[in-house]
$ cat run-v4.cif   # mmCIF, C-alpha atoms
data_work
#
loop_
_atom_site.group_PDB
_atom_site.id
_atom_site.type_symbol
_atom_site.label_atom_id
_atom_site.label_comp_id
_atom_site.auth_asym_id
_atom_site.auth_seq_id
_atom_site.Cartn_x
_atom_site.Cartn_y
_atom_site.Cartn_z
ATOM 1 C CA MET A 1 33.615 -23.211 3.103
ATOM 2 C CA ARG A 2 31.668 -22.356 6.199
ATOM 3 C CA ARG A 3 28.961 -19.734 5.867
ATOM 4 C CA PRO A 4 30.252 -16.366 7.175
ATOM 5 C CA THR A 5 28.683 -15.337 10.469
ATOM 6 C CA LEU A 6 27.667 -11.981 11.902
ATOM 7 C CA GLU A 7 30.838 -12.005 13.999
ATOM 8 C CA VAL A 8 33.029 -12.475 10.903
ATOM 9 C CA VAL A 9 31.317 -9.541 9.189
ATOM 10 C CA ALA A 10 31.814 -7.384 12.303
ATOM 11 C CA ALA A 11 35.523 -8.271 12.409
ATOM 12 C CA ARG A 12 35.987 -7.479 8.696
ATOM 13 C CA ALA A 13 34.156 -4.133 9.061
ATOM 14 C CA GLY A 14 35.892 -3.239 12.325
ATOM 15 C CA VAL A 15 32.621 -2.540 14.119
ATOM 16 C CA SER A 16 30.583 -4.227 16.823
ATOM 17 C CA LYS A 17 28.261 -7.164 16.187
ATOM 18 C CA SER A 18 25.295 -5.033 17.278
ATOM 19 C CA SER A 19 26.152 -2.410 14.653
ATOM 20 C CA VAL A 20 26.170 -5.084 11.943
ATOM 21 C CA SER A 21 22.829 -6.388 13.231
ATOM 22 C CA ARG A 22 21.263 -2.917 13.061
ATOM 23 C CA VAL A 23 22.459 -2.437 9.473
ATOM 24 C CA ILE A 24 21.220 -5.877 8.372
ATOM 25 C CA ASN A 25 17.802 -5.238 9.934
ATOM 26 C CA GLY A 26 17.427 -1.901 8.171
ATOM 27 C CA GLU A 27 17.436 0.352 11.225
ATOM 28 C CA THR A 28 17.652 4.039 10.308
ATOM 29 C CA THR A 29 19.654 5.136 13.342
ATOM 30 C CA VAL A 30 22.941 3.805 11.976
ATOM 31 C CA ALA A 31 25.471 6.421 10.810
ATOM 32 C CA PRO A 32 25.978 6.410 7.018
ATOM 33 C CA GLN A 33 29.719 5.687 7.289
ATOM 34 C CA ILE A 34 29.037 2.657 9.511
ATOM 35 C CA ARG A 35 26.381 1.411 7.092
ATOM 36 C CA ASP A 36 28.803 1.747 4.161
ATOM 37 C CA VAL A 37 31.631 -0.177 5.807
ATOM 38 C CA VAL A 38 29.279 -2.931 6.991
ATOM 39 C CA MET A 39 27.681 -3.355 3.566
ATOM 40 C CA ARG A 40 31.127 -3.483 1.955
ATOM 41 C CA ALA A 41 32.086 -6.315 4.313
ATOM 42 C CA VAL A 42 28.789 -8.092 3.612
ATOM 43 C CA HIS A 43 29.455 -8.053 -0.131
ATOM 44 C CA GLU A 44 33.105 -9.034 0.184
ATOM 45 C CA LEU A 45 32.298 -12.024 2.381
ATOM 46 C CA GLY A 46 29.088 -13.050 0.589
ATOM 47 C CA TYR A 47 27.199 -12.898 3.871
ATOM 48 C CA VAL A 48 23.535 -14.005 3.698
ATOM 49 C CA PRO A 49 21.405 -13.002 6.693
ATOM 50 C CA ASN A 50 19.727 -15.765 8.637
ATOM 51 C CA GLY A 51 16.046 -15.102 7.943
ATOM 52 C CA ALA A 52 14.752 -16.943 10.997
ATOM 53 C CA ALA A 53 17.096 -15.102 13.328
ATOM 54 C CA ARG A 54 16.296 -11.764 11.731
ATOM 55 C CA ASN A 55 12.576 -12.412 12.124
ATOM 56 C CA LEU A 56 13.092 -13.036 15.829
ATOM 57 C CA VAL A 57 14.616 -9.561 16.087
ATOM 58 C CA THR A 58 12.220 -7.682 13.809
ATOM 59 C CA ARG A 59 9.138 -9.761 14.687
ATOM 60 C CA ARG A 60 8.395 -9.895 10.975
ATOM 61 C CA THR A 61 7.787 -12.976 8.838
ATOM 62 C CA ASP A 62 7.907 -11.142 5.476
ATOM 63 C CA THR A 63 4.807 -13.183 4.589
ATOM 64 C CA VAL A 64 1.297 -12.010 3.704
ATOM 65 C CA ALA A 65 -1.780 -14.248 3.692
ATOM 66 C CA VAL A 66 -4.249 -13.828 0.839
ATOM 67 C CA VAL A 67 -7.475 -15.329 2.166
ATOM 68 C CA VAL A 68 -10.268 -16.124 -0.271
ATOM 69 C CA SER A 69 -13.536 -16.600 1.579
ATOM 70 C CA ASP A 70 -15.739 -18.356 -0.931
ATOM 71 C CA PRO A 71 -18.739 -20.705 -0.807
ATOM 72 C CA PRO A 72 -18.096 -24.332 -1.798
ATOM 73 C CA GLN A 73 -19.497 -23.758 -5.295
ATOM 74 C CA GLY A 74 -16.599 -21.389 -5.986
ATOM 75 C CA VAL A 75 -18.480 -18.250 -7.085
ATOM 76 C CA VAL A 76 -15.359 -16.130 -6.645
ATOM 77 C CA SER A 77 -12.466 -18.501 -7.283
ATOM 78 C CA ASP A 78 -14.124 -19.554 -10.559
ATOM 79 C CA ASP A 79 -14.439 -15.935 -11.729
ATOM 80 C CA PRO A 80 -12.166 -15.216 -14.731
ATOM 81 C CA LEU A 81 -10.829 -12.115 -12.963
ATOM 82 C CA PHE A 82 -9.662 -14.069 -9.928
ATOM 83 C CA SER A 83 -6.410 -15.204 -11.531
ATOM 84 C CA ALA A 84 -5.643 -11.597 -12.542
ATOM 85 C CA VAL A 85 -6.094 -10.510 -8.935
ATOM 86 C CA VAL A 86 -3.788 -13.228 -7.592
ATOM 87 C CA ARG A 87 -1.118 -12.465 -10.210
ATOM 88 C CA ALA A 88 -1.191 -8.737 -9.414
ATOM 89 C CA VAL A 89 -1.002 -9.370 -5.665
ATOM 90 C CA SER A 90 1.860 -11.832 -6.100
ATOM 91 C CA ARG A 91 3.772 -9.430 -8.335
ATOM 92 C CA GLU A 92 3.481 -6.514 -5.894
ATOM 93 C CA LEU A 93 4.449 -8.634 -2.888
ATOM 94 C CA GLU A 94 7.469 -9.970 -4.737
ATOM 95 C CA LYS A 95 8.574 -6.413 -5.498
ATOM 96 C CA ALA A 96 8.368 -5.687 -1.777
ATOM 97 C CA GLY A 97 10.347 -8.813 -0.863
ATOM 98 C CA LYS A 98 7.330 -10.532 0.690
ATOM 99 C CA ARG A 99 6.059 -14.076 0.340
ATOM 100 C CA LEU A 100 2.435 -14.941 -0.442
ATOM 101 C CA VAL A 101 0.412 -17.649 1.288
ATOM 102 C CA LEU A 102 -2.895 -18.349 -0.473
ATOM 103 C CA MET A 103 -5.633 -19.738 1.770
ATOM 104 C CA LEU A 104 -9.167 -20.776 0.790
ATOM 105 C CA ALA A 105 -11.927 -20.542 3.389
ATOM 106 C CA GLU A 106 -14.946 -22.524 2.176
ATOM 107 C CA SER A 107 -16.356 -23.918 5.434
ATOM 108 C CA ASP A 108 -16.490 -23.288 9.175
ATOM 109 C CA GLN A 109 -13.564 -25.668 9.637
ATOM 110 C CA SER A 110 -11.376 -23.963 7.043
ATOM 111 C CA ARG A 111 -12.228 -20.520 8.441
ATOM 112 C CA THR A 112 -11.167 -21.721 11.893
ATOM 113 C CA ARG A 113 -7.869 -22.998 10.478
ATOM 114 C CA VAL A 114 -7.251 -19.654 8.777
ATOM 115 C CA VAL A 115 -7.787 -17.749 12.025
ATOM 116 C CA GLN A 116 -5.542 -20.174 13.943
ATOM 117 C CA TYR A 117 -2.795 -19.835 11.333
ATOM 118 C CA VAL A 118 -2.923 -16.049 11.439
ATOM 119 C CA ALA A 119 -3.068 -16.008 15.242
ATOM 120 C CA GLY A 120 0.017 -18.239 15.302
ATOM 121 C CA GLY A 121 2.202 -15.389 14.059
ATOM 122 C CA HIS A 122 2.942 -16.895 10.651
ATOM 123 C CA VAL A 123 2.110 -13.743 8.649
ATOM 124 C CA ASP A 124 2.572 -9.984 8.942
ATOM 125 C CA GLY A 125 -0.823 -9.118 7.471
ATOM 126 C CA VAL A 126 -3.894 -10.412 5.673
ATOM 127 C CA LEU A 127 -5.567 -9.475 2.394
ATOM 128 C CA LEU A 128 -9.163 -10.699 2.292
ATOM 129 C CA VAL A 129 -10.903 -11.448 -1.001
ATOM 130 C CA ALA A 130 -14.642 -11.946 -1.637
ATOM 131 C CA LEU A 131 -16.587 -11.720 1.568
ATOM 132 C CA HIS A 132 -20.273 -12.536 1.987
ATOM 133 C CA GLY A 133 -22.453 -10.525 4.331
ATOM 134 C CA THR A 134 -22.897 -13.278 6.912
ATOM 135 C CA ASP A 135 -19.233 -14.288 6.820
ATOM 136 C CA PRO A 136 -17.752 -14.248 10.358
ATOM 137 C CA LEU A 137 -14.164 -14.270 9.060
ATOM 138 C CA PRO A 138 -13.516 -10.486 8.793
ATOM 139 C CA ALA A 139 -14.443 -9.845 12.430
ATOM 140 C CA ALA A 140 -12.526 -12.941 13.607
ATOM 141 C CA LEU A 141 -9.381 -11.844 11.780
ATOM 142 C CA ALA A 142 -9.745 -8.222 12.913
ATOM 143 C CA ARG A 143 -9.697 -9.440 16.517
ATOM 144 C CA GLN A 144 -6.205 -10.869 15.979
ATOM 145 C CA GLY A 145 -4.791 -7.341 15.809
ATOM 146 C CA LEU A 146 -2.808 -7.888 12.600
ATOM 147 C CA PRO A 147 -2.915 -5.457 9.654
ATOM 148 C CA LEU A 148 -5.951 -6.428 7.592
ATOM 149 C CA VAL A 149 -7.239 -5.119 4.244
ATOM 150 C CA SER A 150 -10.345 -6.238 2.384
ATOM 151 C CA PHE A 151 -10.518 -6.503 -1.372
ATOM 152 C CA ASN A 152 -14.002 -4.862 -1.450
ATOM 153 C CA ARG A 153 -16.082 -3.616 1.451
ATOM 154 C CA THR A 154 -17.102 -5.913 4.294
ATOM 155 C CA TRP A 155 -19.948 -5.842 6.774
ATOM 156 C CA ALA A 156 -17.415 -5.860 9.617
ATOM 157 C CA GLN A 157 -16.707 -2.464 11.095
ATOM 158 C CA ASP A 158 -13.356 -0.711 10.791
ATOM 159 C CA VAL A 159 -11.811 -3.072 8.232
ATOM 160 C CA PRO A 160 -9.850 -1.011 5.672
ATOM 161 C CA TYR A 161 -10.732 -1.812 2.074
ATOM 162 C CA VAL A 162 -9.992 -1.119 -1.578
ATOM 163 C CA ALA A 163 -13.244 -1.233 -3.547
ATOM 164 C CA LEU A 164 -14.646 -0.440 -6.958
ATOM 165 C CA ASP A 165 -17.103 2.399 -7.466
ATOM 166 C CA ASN A 166 -19.856 -0.144 -8.011
ATOM 167 C CA ALA A 167 -22.784 2.261 -7.829
ATOM 168 C CA GLY A 168 -21.007 4.712 -10.124
ATOM 169 C CA GLY A 169 -20.234 1.964 -12.629
ATOM 170 C CA ALA A 170 -23.869 0.852 -12.701
ATOM 171 C CA ALA A 171 -24.931 4.460 -13.221
ATOM 172 C CA LEU A 172 -22.547 4.693 -16.201
ATOM 173 C CA ALA A 173 -24.199 1.644 -17.747
ATOM 174 C CA VAL A 174 -27.774 2.827 -17.245
ATOM 175 C CA ARG A 175 -27.070 6.352 -18.492
ATOM 176 C CA HIS A 176 -25.496 4.856 -21.606
ATOM 177 C CA LEU A 177 -28.651 2.823 -22.258
ATOM 178 C CA LEU A 178 -30.851 5.869 -21.730
ATOM 179 C CA GLU A 179 -28.713 7.864 -24.173
ATOM 180 C CA ARG A 180 -29.253 5.062 -26.700
ATOM 181 C CA GLY A 181 -32.992 5.631 -26.407
ATOM 182 C CA ARG A 182 -33.807 2.617 -24.219
ATOM 183 C CA ARG A 183 -36.812 3.057 -21.962
ATOM 184 C CA ARG A 184 -37.606 -0.291 -20.316
ATOM 185 C CA ILE A 185 -34.268 -1.180 -18.726
ATOM 186 C CA ALA A 186 -34.053 -4.299 -16.557
ATOM 187 C CA THR A 187 -31.209 -5.510 -14.342
ATOM 188 C CA ILE A 188 -29.903 -8.917 -13.286
ATOM 189 C CA THR A 189 -28.345 -8.608 -9.834
ATOM 190 C CA GLY A 190 -25.554 -10.535 -8.184
ATOM 191 C CA PRO A 191 -26.082 -12.242 -4.787
ATOM 192 C CA LEU A 192 -27.335 -9.420 -2.584
ATOM 193 C CA GLU A 193 -25.376 -10.553 0.476
ATOM 194 C CA LEU A 194 -22.337 -9.129 -1.347
ATOM 195 C CA HIS A 195 -21.665 -5.425 -1.001
ATOM 196 C CA GLU A 196 -20.720 -5.027 -4.652
ATOM 197 C CA ALA A 197 -23.982 -6.622 -5.817
ATOM 198 C CA ARG A 198 -26.076 -4.362 -3.604
ATOM 199 C CA GLU A 199 -24.127 -1.278 -4.681
ATOM 200 C CA ARG A 200 -24.572 -2.089 -8.378
ATOM 201 C CA LEU A 201 -28.301 -2.542 -7.801
ATOM 202 C CA ASP A 202 -28.442 0.774 -5.911
ATOM 203 C CA GLY A 203 -26.656 2.569 -8.760
ATOM 204 C CA TYR A 204 -29.088 1.095 -11.295
ATOM 205 C CA ARG A 205 -32.162 2.011 -9.239
ATOM 206 C CA GLN A 206 -31.040 5.526 -8.398
ATOM 207 C CA THR A 207 -30.254 6.378 -12.014
ATOM 208 C CA LEU A 208 -33.689 5.200 -13.182
ATOM 209 C CA ARG A 209 -35.368 6.961 -10.263
ATOM 210 C CA ASP A 210 -33.714 10.222 -11.275
ATOM 211 C CA THR A 211 -35.385 9.921 -14.701
ATOM 212 C CA GLY A 212 -38.769 8.851 -13.393
ATOM 213 C CA ARG A 213 -38.534 5.270 -14.614
ATOM 214 C CA ARG A 214 -39.318 2.095 -12.717
ATOM 215 C CA SER A 215 -36.902 -0.698 -11.905
ATOM 216 C CA ILE A 216 -37.270 -4.177 -13.404
ATOM 217 C CA VAL A 217 -35.207 -6.583 -11.306
ATOM 218 C CA ALA A 218 -34.287 -10.263 -11.548
ATOM 219 C CA LEU A 219 -31.971 -12.016 -9.106
ATOM 220 C CA GLY A 220 -28.797 -13.800 -10.191
ATOM 221 C CA ASP A 221 -25.689 -15.174 -8.476
ATOM 222 C CA PHE A 222 -22.847 -14.010 -10.789
ATOM 223 C CA THR A 223 -22.893 -17.241 -12.841
ATOM 224 C CA ARG A 224 -23.749 -17.731 -16.547
ATOM 225 C CA THR A 225 -26.557 -20.119 -15.647
ATOM 226 C CA SER A 226 -28.221 -17.621 -13.336
ATOM 227 C CA GLY A 227 -27.941 -14.911 -15.993
ATOM 228 C CA ALA A 228 -29.624 -17.120 -18.576
ATOM 229 C CA GLU A 229 -32.435 -18.080 -16.186
ATOM 230 C CA ALA A 230 -32.946 -14.487 -14.984
ATOM 231 C CA MET A 231 -33.178 -13.278 -18.599
ATOM 232 C CA ARG A 232 -35.796 -15.926 -19.350
ATOM 233 C CA GLN A 233 -37.831 -14.761 -16.355
ATOM 234 C CA LEU A 234 -37.499 -11.106 -17.359
ATOM 235 C CA LEU A 235 -38.823 -11.824 -20.847
ATOM 236 C CA GLU A 236 -41.801 -13.685 -19.397
ATOM 237 C CA ASP A 237 -42.595 -10.905 -16.910
ATOM 238 C CA ASP A 238 -42.011 -7.957 -19.255
ATOM 239 C CA PRO A 239 -41.881 -8.924 -22.943
ATOM 240 C CA ASP A 240 -41.512 -5.275 -23.978
ATOM 241 C CA LEU A 241 -38.237 -4.599 -22.168
ATOM 242 C CA ASP A 242 -35.587 -3.178 -24.492
ATOM 243 C CA ALA A 243 -32.401 -3.302 -22.405
ATOM 244 C CA VAL A 244 -30.769 -5.219 -19.574
ATOM 245 C CA PHE A 245 -27.868 -4.357 -17.300
ATOM 246 C CA ALA A 246 -26.284 -7.474 -15.806
ATOM 247 C CA ALA A 247 -24.213 -6.991 -12.655
ATOM 248 C CA ASN A 248 -21.333 -8.988 -14.132
ATOM 249 C CA ASP A 249 -20.219 -10.221 -17.545
ATOM 250 C CA LEU A 250 -20.814 -13.908 -16.871
ATOM 251 C CA MET A 251 -24.511 -13.238 -16.267
ATOM 252 C CA ALA A 252 -24.614 -10.949 -19.308
ATOM 253 C CA ILE A 253 -23.203 -13.789 -21.436
ATOM 254 C CA GLY A 254 -25.914 -16.080 -20.084
ATOM 255 C CA ALA A 255 -28.509 -13.412 -20.925
ATOM 256 C CA LEU A 256 -27.199 -13.160 -24.503
ATOM 257 C CA ARG A 257 -27.729 -16.901 -24.937
ATOM 258 C CA THR A 258 -31.330 -16.701 -23.719
ATOM 259 C CA LEU A 259 -32.093 -13.732 -25.961
ATOM 260 C CA HIS A 260 -30.662 -15.571 -28.960
ATOM 261 C CA ARG A 261 -32.778 -18.639 -28.229
ATOM 262 C CA ALA A 262 -35.870 -16.427 -27.824
ATOM 263 C CA GLY A 263 -35.292 -14.867 -31.233
ATOM 264 C CA ARG A 264 -34.521 -11.415 -29.772
ATOM 265 C CA ARG A 265 -31.916 -9.452 -31.707
ATOM 266 C CA VAL A 266 -29.134 -7.743 -29.770
ATOM 267 C CA PRO A 267 -28.970 -4.779 -29.746
ATOM 268 C CA ASP A 268 -31.911 -4.111 -32.134
ATOM 269 C CA ASP A 269 -34.577 -5.555 -29.828
ATOM 270 C CA VAL A 270 -32.727 -5.702 -26.505
ATOM 271 C CA ALA A 271 -29.446 -3.985 -25.608
ATOM 272 C CA VAL A 272 -27.173 -5.743 -23.096
ATOM 273 C CA ILE A 273 -24.455 -4.385 -20.793
ATOM 274 C CA GLY A 274 -22.274 -6.339 -18.374
ATOM 275 C CA PHE A 275 -19.859 -5.377 -15.608
ATOM 276 C CA ASP A 276 -16.138 -6.268 -15.217
ATOM 277 C CA ASP A 277 -15.025 -6.384 -18.867
ATOM 278 C CA ILE A 278 -13.551 -9.873 -18.727
ATOM 279 C CA GLU A 279 -11.590 -11.056 -21.766
ATOM 280 C CA ALA A 280 -14.558 -13.042 -23.096
ATOM 281 C CA ALA A 281 -16.670 -9.867 -23.350
ATOM 282 C CA ALA A 282 -14.870 -8.874 -26.549
ATOM 283 C CA TYR A 283 -15.556 -12.284 -28.146
ATOM 284 C CA THR A 284 -19.289 -12.768 -27.565
ATOM 285 C CA SER A 285 -21.720 -12.416 -30.451
ATOM 286 C CA PRO A 286 -22.333 -9.539 -30.536
ATOM 287 C CA ALA A 287 -19.349 -8.237 -28.563
ATOM 288 C CA LEU A 288 -20.453 -7.180 -25.093
ATOM 289 C CA THR A 289 -20.503 -3.596 -23.828
ATOM 290 C CA SER A 290 -19.216 -3.662 -20.254
ATOM 291 C CA VAL A 291 -18.169 -1.538 -17.303
ATOM 292 C CA ARG A 292 -14.439 -2.148 -17.000
ATOM 293 C CA SER A 293 -13.226 -3.004 -13.506
ATOM 294 C CA PRO A 294 -9.527 -2.213 -12.991
ATOM 295 C CA MET A 295 -8.984 -5.402 -11.003
ATOM 296 C CA ALA A 296 -5.210 -5.495 -11.345
ATOM 297 C CA ASP A 297 -4.999 -1.868 -10.217
ATOM 298 C CA GLN A 298 -7.369 -2.633 -7.355
ATOM 299 C CA ALA A 299 -5.200 -5.557 -6.277
ATOM 300 C CA THR A 300 -2.068 -3.410 -6.454
ATOM 301 C CA ALA A 301 -3.704 -0.686 -4.369
ATOM 302 C CA ALA A 302 -4.834 -3.261 -1.796
ATOM 303 C CA VAL A 303 -1.282 -4.600 -1.432
ATOM 304 C CA HIS A 304 0.123 -1.083 -1.046
ATOM 305 C CA LEU A 305 -2.480 -0.261 1.609
ATOM 306 C CA LEU A 306 -1.673 -3.471 3.495
ATOM 307 C CA LEU A 307 2.102 -2.943 3.337
ATOM 308 C CA GLY A 308 1.556 0.602 4.584
ATOM 309 C CA LEU A 309 -0.463 -0.700 7.528
ATOM 310 C CA ILE A 310 2.281 -3.211 8.338
ATOM 311 C CA ASP A 311 4.708 -0.287 8.520
ATOM 312 C CA GLY A 312 2.353 1.755 10.709
ATOM 313 C CA GLY A 313 0.637 3.784 7.980
ATOM 314 C CA PRO A 314 -2.984 5.031 7.887
ATOM 315 C CA ALA A 315 -5.981 2.776 7.228
ATOM 316 C CA THR A 316 -7.532 4.957 4.533
ATOM 317 C CA PRO A 317 -10.090 3.204 2.276
ATOM 318 C CA VAL A 318 -9.569 3.482 -1.485
ATOM 319 C CA ILE A 319 -12.317 3.665 -4.146
ATOM 320 C CA MET A 320 -11.263 2.730 -7.688
ATOM 321 C CA PRO A 321 -12.918 4.434 -10.709
ATOM 322 C CA ASN A 322 -14.591 2.571 -13.580
ATOM 323 C CA GLU A 323 -14.942 3.212 -17.296
ATOM 324 C CA LEU A 324 -17.489 2.080 -19.875
ATOM 325 C CA VAL A 325 -16.239 0.004 -22.819
ATOM 326 C CA VAL A 326 -18.801 0.314 -25.602
ATOM 327 C CA ARG A 327 -19.161 -2.589 -28.057
ATOM 328 C CA GLU A 328 -21.804 -3.977 -30.409
ATOM 329 C CA SER A 329 -24.306 -5.224 -27.776
ATOM 330 C CA THR A 330 -25.604 -1.686 -27.191
#

$ encode --input "run-v4.cif" --output "structure tokens"
Amino acid sequence: MRRPTLEVVAARAGVSKSSVSRVINGETTVAPQIRDVVMRAVHELGYVPNGAARNLVTRRTDTVAVVVSDPPQGVVSDDPLFSAVVRAVSRELEKAGKRLVLMLAESDQSRTRVVQYVAGGHVDGVLLVALHGTDPLPAALARQGLPLVSFNRTWAQDVPYVALDNAGGAALAVRHLLERGRRRIATITGPLELHEARERLDGYRQTLRDTGRRSIVALGDFTRTSGAEAMRQLLEDDPDLDAVFAANDLMAIGALRTLHRAGRRVPDDVAVIGFDDIEAAAYTSPALTSVRSPMADQATAAVHLLLGLIDGGPATPVIMPNELVVREST
């Protein structure tokens, strides 16, 4: 059997072809009785709209690009939470009848290809993940005029975002350590070209400043190795420290390993807190106290913001709250 056409549906419904087209494309100006008779004909005939033709009319592709801007060493794409973000984004887009195109931007060449693809009209909007401070991609994509949402803040102006309360989460961690009687509290930062790393450092510093205590800072890059090395340096510089707040769980796990090798008991000698509450945090020895990041909720909120922008909605930034999950390491 030949596939039923728009004309066949119009003849069965007893209406014009243009009326059928308006119903199929979801226009709200169609009278309810016309919509009912057209949809009845659609179901009776088994009509399937031609997606390419419909996109020419609506100027929509029903496709969203998820762009991960990450250095070649894969700091973000290797993060255990990354898969949770992608799954949540995919699930929400599927609910909305949208397709997902995942694009990795790890070099100047790949960033150029991403911009060219977006500029070519292949997607209705872009969700950006993991942007470094010097990254030119946010501004380049913003110039294309398509709806654009960042998963975290960017240094580019006027890019809507959905971000964690990073400073507030760090403050939760430090206040918890202070309440446990800790007095020499160090921190291991993430790469400071990232907004979230700087905000977590700011939250740590401000909380200590409010209590008249000094900051003890070591630099990390969100990897286990950097956490282990930063902890070793902290112990050399300040052997009397009694707590450490690591800006993510991977670095906290690295710090636990260094403390164990140095013969420091956790939490008796040194308490340790991480950030993100990845699955592994509950299985370290001792189990890791962590600031839980609602990454799946953040991803869902980012998709909703982007879909709203595609439909002409407001570009209102969203800040997600955190909570502290207390375990044996503190």

$ residues_around --input "run-v4.cif" --residues "Ala173 (chain A)" --least-positions-apart "4" --cutoff "9 Å" --atoms "all atoms listed in the file" --output "list in words"
Gly168, Gly169, Leu177, Leu178, Tyr204, Phe245, Ile273, Gly274, Phe275, Thr289, Ser290, Val291 and Leu324 of chain A

$ residues_around --input "run-v4.cif" --residues "Leu288 (chain A)" --least-positions-apart "4" --cutoff "12 Å" --atoms "all atoms listed in the file" --output "ChimeraX atom specification"
/A:244-246,248-256,266-267,271-284,292,324-330

$ residues_around --input "run-v4.cif" --residues "Ala171 (chain A)" --least-positions-apart "4" --cutoff "8 Å" --atoms "only C-alpha atoms" --output "JSON, numbers by chain"
{"A": [167, 175, 203, 204, 206, 207]}

$ closest_residue --input "run-v4.cif" --among "A:Ile310, A:Ala299, A:Val318, A:Ala65" --to "Ala84 (chain A)" --atoms "only C-alpha atoms"
A:Ala299

$ resolve_selection --input "run-v4.cif" --expression "the PyMOL selection byres ((chain A and resi 163) around 7)" --output "PyMOL selection string"
chain A and resi 151-153+161-162+164-165+318-320

$ closest_residue --input "run-v4.cif" --among "A:Tyr47, A:His304, A:Ala186, A:Arg180" --to "Arg213 (chain A)" --atoms "only C-alpha atoms"
A:Ala186

$ atom_distance --input "run-v4.cif" --atom1 "CA of Val217 (chain A)" --atom2 "CA of Arg183 (chain A)"
14.5 Å

$ residues_near_point --input "run-v4.cif" --point "(-2.7, 4.5, 4.4)" --cutoff "12 Å" --atoms "all atoms listed in the file" --output "list of chain:residue names"
A:Pro147, A:Leu148, A:Val149, A:Pro160, A:Tyr161, A:Val162, A:Ala301, A:Ala302, A:Val303, A:His304, A:Leu305, A:Leu306, A:Leu307, A:Gly308, A:Leu309, A:Ile310, A:Asp311, A:Gly312, A:Gly313, A:Pro314, A:Ala315, A:Thr316, A:Pro317, A:Val318

$ resolve_selection --input "run-v4.cif" --expression "the PyMOL selection byres ((chain A and resi 239) around 12)" --output "list in words"
Arg184, Ile185, Ala186, Ile216, Met231, Arg232, Gln233, Leu234, Leu235, Glu236, Asp237, Asp238, Asp240, Leu241, Asp242, Ala243, Leu259, Ala262, Arg264, Asp269 and Val270 of chain A

$ resolve_selection --input "run-v4.cif" --expression "the PyMOL selection byres ((chain A and resi 110) around 12)" --output "PyMOL selection string"
chain A and resi 67-72+103-109+111-117+137
